[in-house]
Structures are given as C-alpha cells and as structure tokens.
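Raw final.txt, compact mmCIF, C-alpha atoms:
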```
# COMPACT_ATOMS: atom_id res chain seq x y z
CA LEU A 710 131.81 102.48 96.99
CA PRO A 711 134.92 104.58 96.65
CA VAL A 712 136.83 105.44 99.78
CA GLY A 713 138.57 108.52 98.44
CA ASP A 714 142.29 109.09 98.73
CA THR A 715 142.69 107.56 102.19
CA PRO A 716 141.33 104.00 102.18
CA HIS A 717 143.57 103.19 105.16
CA ARG A 718 141.66 105.75 107.24
CA GLU A 719 137.91 105.68 106.72
CA THR A 720 137.01 107.58 109.86
CA ALA A 721 137.33 111.08 111.23
CA LEU A 722 138.27 109.81 114.70
CA PRO A 723 141.57 111.12 116.00
CA PRO A 724 144.26 108.66 117.11
CA GLY A 725 143.45 107.13 120.49
CA ALA A 726 139.71 107.86 120.33
CA LEU A 727 137.42 105.09 121.48
CA ILE A 728 133.73 104.64 120.63
CA THR A 729 131.98 103.34 123.73
CA GLY A 730 128.41 103.33 122.48
CA ILE A 731 126.00 104.52 119.87
CA THR A 732 122.35 105.50 120.10
CA LEU A 733 120.10 105.30 117.07
CA PRO A 734 116.74 107.03 116.92
CA PRO A 735 113.79 104.66 116.54
CA ALA A 736 112.68 104.13 112.96
CA PRO A 737 109.10 102.92 112.44
CA VAL A 738 110.13 101.02 109.28
CA ALA A 739 112.54 98.93 111.37
CA VAL A 740 109.63 97.11 113.04
CA ASN A 741 109.67 94.75 110.04
CA SER A 742 113.37 94.24 109.41
CA ARG A 743 115.99 91.57 108.95
CA TYR A 744 119.73 91.09 108.58
CA ARG A 745 120.95 88.21 106.44
CA LYS A 746 124.60 87.19 106.22
CA VAL A 747 125.84 84.77 103.55
CA ARG A 748 129.03 82.82 104.22
CA GLU A 749 130.88 80.23 102.18
CA ARG A 750 130.57 77.77 105.04
CA ALA A 751 128.92 77.90 108.42
CA SER A 752 132.34 77.64 110.04
CA TYR A 753 133.60 80.83 108.34
CA ALA A 754 132.91 84.01 110.30
CA PHE A 755 133.28 86.46 107.42
CA ALA A 756 130.41 87.25 105.10
CA ILE A 757 130.75 87.06 101.34
CA GLY A 758 127.63 89.22 101.19
CA SER A 759 125.02 90.58 103.56
CA LEU A 760 121.83 92.60 103.53
CA ALA A 761 120.15 94.71 106.18
CA ALA A 762 116.56 95.40 105.13
CA ALA A 763 113.51 97.10 106.58
CA LEU A 764 110.20 97.13 104.72
CA ASP A 765 106.82 98.77 105.24
CA VAL A 766 104.15 97.42 102.88
CA ARG A 767 100.51 98.46 103.10
CA ALA A 768 97.75 97.42 100.68
CA GLY A 769 100.38 95.75 98.49
CA VAL A 770 102.42 98.93 98.00
CA VAL A 771 105.88 99.68 99.43
CA GLN A 772 105.45 102.68 101.73
CA ASP A 773 109.00 102.80 103.09
CA VAL A 774 112.15 100.73 102.72
CA ARG A 775 115.76 100.76 103.86
CA LEU A 776 118.46 98.57 102.32
CA ALA A 777 122.17 98.28 103.03
CA PHE A 778 124.63 95.81 101.52
CA GLY A 779 127.65 94.46 103.36
CA ALA A 780 130.82 92.67 102.26
CA VAL A 781 130.55 93.97 98.70
CA ALA A 782 132.52 97.21 99.07
CA SER A 783 135.06 98.72 101.43
CA ARG A 784 132.24 99.83 103.75
CA PRO A 785 128.50 99.17 104.10
CA TRP A 786 126.63 100.31 101.01
CA ARG A 787 123.25 102.03 101.41
CA ALA A 788 121.15 101.06 98.39
CA LEU A 789 119.53 104.44 97.71
CA ALA A 790 118.73 103.76 94.04
CA ALA A 791 116.94 100.54 94.99
CA GLU A 792 115.03 102.34 97.73
CA ARG A 793 113.84 104.97 95.22
CA VAL A 794 112.62 102.26 92.82
CA LEU A 795 110.77 100.46 95.59
CA THR A 796 109.07 103.37 97.34
CA GLY A 797 105.50 103.66 96.04
CA ALA A 798 105.83 100.57 93.85
CA PRO A 799 103.83 97.35 94.11
CA ALA A 800 105.39 94.86 96.49
CA GLY A 801 106.52 91.69 94.75
CA PRO A 802 109.53 89.74 93.53
CA GLU A 803 109.57 91.46 90.12
CA THR A 804 109.74 94.89 91.75
CA TYR A 805 112.41 93.73 94.19
CA ALA A 806 114.51 92.35 91.32
CA ALA A 807 114.12 95.59 89.35
CA ALA A 808 115.21 97.60 92.38
CA ALA A 809 118.27 95.41 92.90
CA ALA A 810 119.13 95.70 89.19
CA ALA A 811 118.87 99.50 89.38
CA GLU A 812 121.20 99.57 92.37
CA LEU A 813 123.69 97.12 90.90
CA ALA A 814 123.76 98.59 87.37
CA ALA A 815 126.90 100.57 88.16
CA ALA A 816 128.63 97.73 90.01
CA ARG A 817 132.12 97.02 88.73
CA PRO A 818 133.16 93.73 90.31
CA LEU A 819 136.76 92.62 90.34
CA PRO A 820 137.76 89.46 88.44
CA ARG A 821 137.18 87.08 91.35
CA ASN A 822 134.08 88.57 92.95
CA GLY A 823 131.66 89.02 90.07
CA TYR A 824 129.41 86.39 91.62
CA LYS A 825 128.53 88.89 94.36
CA VAL A 826 126.31 90.86 91.97
CA ASP A 827 123.98 87.87 91.53
CA LEU A 828 124.30 86.97 95.22
CA ILE A 829 123.15 90.43 96.35
CA ARG A 830 120.36 90.57 93.74
CA ASN A 831 119.02 87.20 94.92
CA LEU A 832 119.41 88.21 98.56
CA VAL A 833 117.37 91.40 98.01
CA VAL A 834 114.53 89.46 96.35
CA ALA A 835 114.49 86.70 98.97
CA VAL A 836 114.66 88.92 102.06
CA LEU A 837 112.13 91.49 100.83
CA THR A 838 109.76 88.70 99.83
CA GLU A 839 110.02 87.21 103.33
CA LEU A 840 109.46 90.60 104.98
CA ALA A 841 106.41 91.37 102.81
CA GLU A 842 104.89 87.96 103.55
CA GLU A 843 105.43 88.42 107.30
CA ALA A 844 103.86 91.89 107.18
CA ALA A 845 100.79 90.48 105.39
CA ARG A 846 100.07 88.03 108.23
```

Once more with this new file: its structure as structure tokens, please.
Amino acid sequence: LPVGDTPHRETALPPGALITGITLPPAPVAVNSRYRKVRERASYAFAIGSLAAALDVRAGVVQDVRLAFGAVASRPWRALAAERVLTGAPAGPETYAAAAAAELAAARPLPRNGYKVDLIRNLVVAVLTELAEEAAR
C-alpha cells in the first residue's frame, strides 16, 4: 500500500507522544480468529508474511470475515477486496483462493519479493480452511 509523500512518518502523533494503551471494541467475528506468521527460519523474529483472519461461517456460507496481511507492504494491509468476495459466498478453498486472487490482482511485487504473492494466497486458503473447519465442529 502506498504511504504517500512521507514514508518516514506514517503517523499523526506529534514528536514526544507516547501510546500507552489501546482499547478495541469487541467484534463478534473475532470469536473464530487466528494470526499466522511465516518466517524463513524459526530463529528469525521477522515475518516474511503474515495473516490476521476472522471468519464467521453458518450453513456453509461466509457471513462475515476480516483479513489483514502483514510484512507485504509498508504497513498492515486490510484485504477489503477479498472480504467483499467472501461475504455471502460458499465457504471452501476455491472461494478462499478466488478472494485472495481478487485482493492480490493489483499487487506489484519488487524483483526479490514476488514469492510473497503466492505465500499470502496460500496462507489465506490454509488459515480460512482451518477456521471454517473449527467452526463446523
């Protein structure tokens, strides 16, 4: 995602400001959620890709979904196009792959990170499949 004209300053906080806490309102969809971080090696702390996902599936249909990608842009990337494809669609790997493809269609990887497109697509399918299976139990 573009950062605008000031990539060195991606916040509106004034100099010297300190965030001491954050409160998020409860989201019912978050009851069935997961964060998955992919690293080159277990000893490396930095992700090469990550996904935060929340999924609500009822009667085999996606009722609500939230997706955010990490380590693929200069800041976390909310996957709104993928969420639109998924909402109201049948839950399943084909739908998850189509949603990831819709989100990643405009991706313009740099020469050395093109592999992240496939990594994120596969991560979306795997994590959403796991969440749907857990919800069905």

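With distances taken over all atoms listed in the file, A:Val836 is the one residue among A:Thr732, A:Val836, A:Ala811, A:Glu803 lying closest to A:Tyr744.
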
Pairwise distance, atom CA of A:Glu812 with atom CA of A:Ala790, equals 5.1 Å

Here atom CA of A:Glu842 and atom CA of A:Pro737 stand apart by 17.9 Å

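Candidate residues A:Ala844, A:Ala810, A:Pro818, A:Asp827 were compared for distance to A:Val770, and the nearest is A:Ala844, using all atoms listed in the file.
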
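With distances taken over all atoms listed in the file, A:Leu760 is the one residue among A:Leu795, A:Ala777, A:Leu760, A:Leu789 lying closest to A:Asn831.
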
| task | Determine, counting all atoms listed in the file, which protein, DNA and RNA residues have an atom within 7 Å of an atom of A:Val833; residues of the same chain fewer than 4 positions away are not included. Present the result as an MDAnalysis selection string. | result | chainID A and resid 805 809 829 837

Report task. Just the residues within 12 Å of A:Ala814, please, counting all atoms listed in the file, with nothing from its chain fewer than 6 positions along; format it as a PyMOL selection string. Result -> chain A and resi 788+790-791+806-808+826-827+830

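Taking atom CA of A:Arg787 and atom CA of A:Ala762 as endpoints, the distance between them is 10.1 Å.
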
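Of the residues under consideration (A:Arg743, A:Arg793, A:Lys825, A:Arg817), A:Arg743 shows the shortest atom-to-atom contact distance to A:Leu764 when counting all atoms listed in the file.
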
- Message: With distances taken over all atoms listed in the file, which residue among A:Ala815, A:Pro820, A:Ala761, A:Ala800 lies nearest A:Arg775?
- Response: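 So, comparing all the options, the nearest one is A:Ala761.
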
_Which residues are near A:Gln772? Cut-off 7 Å, only C-alpha atoms, ignore same chain within fewer than 4 positions. Put them as a list in words._
Asp765, Val766, Arg767, Thr796 and Gly797 of chain A
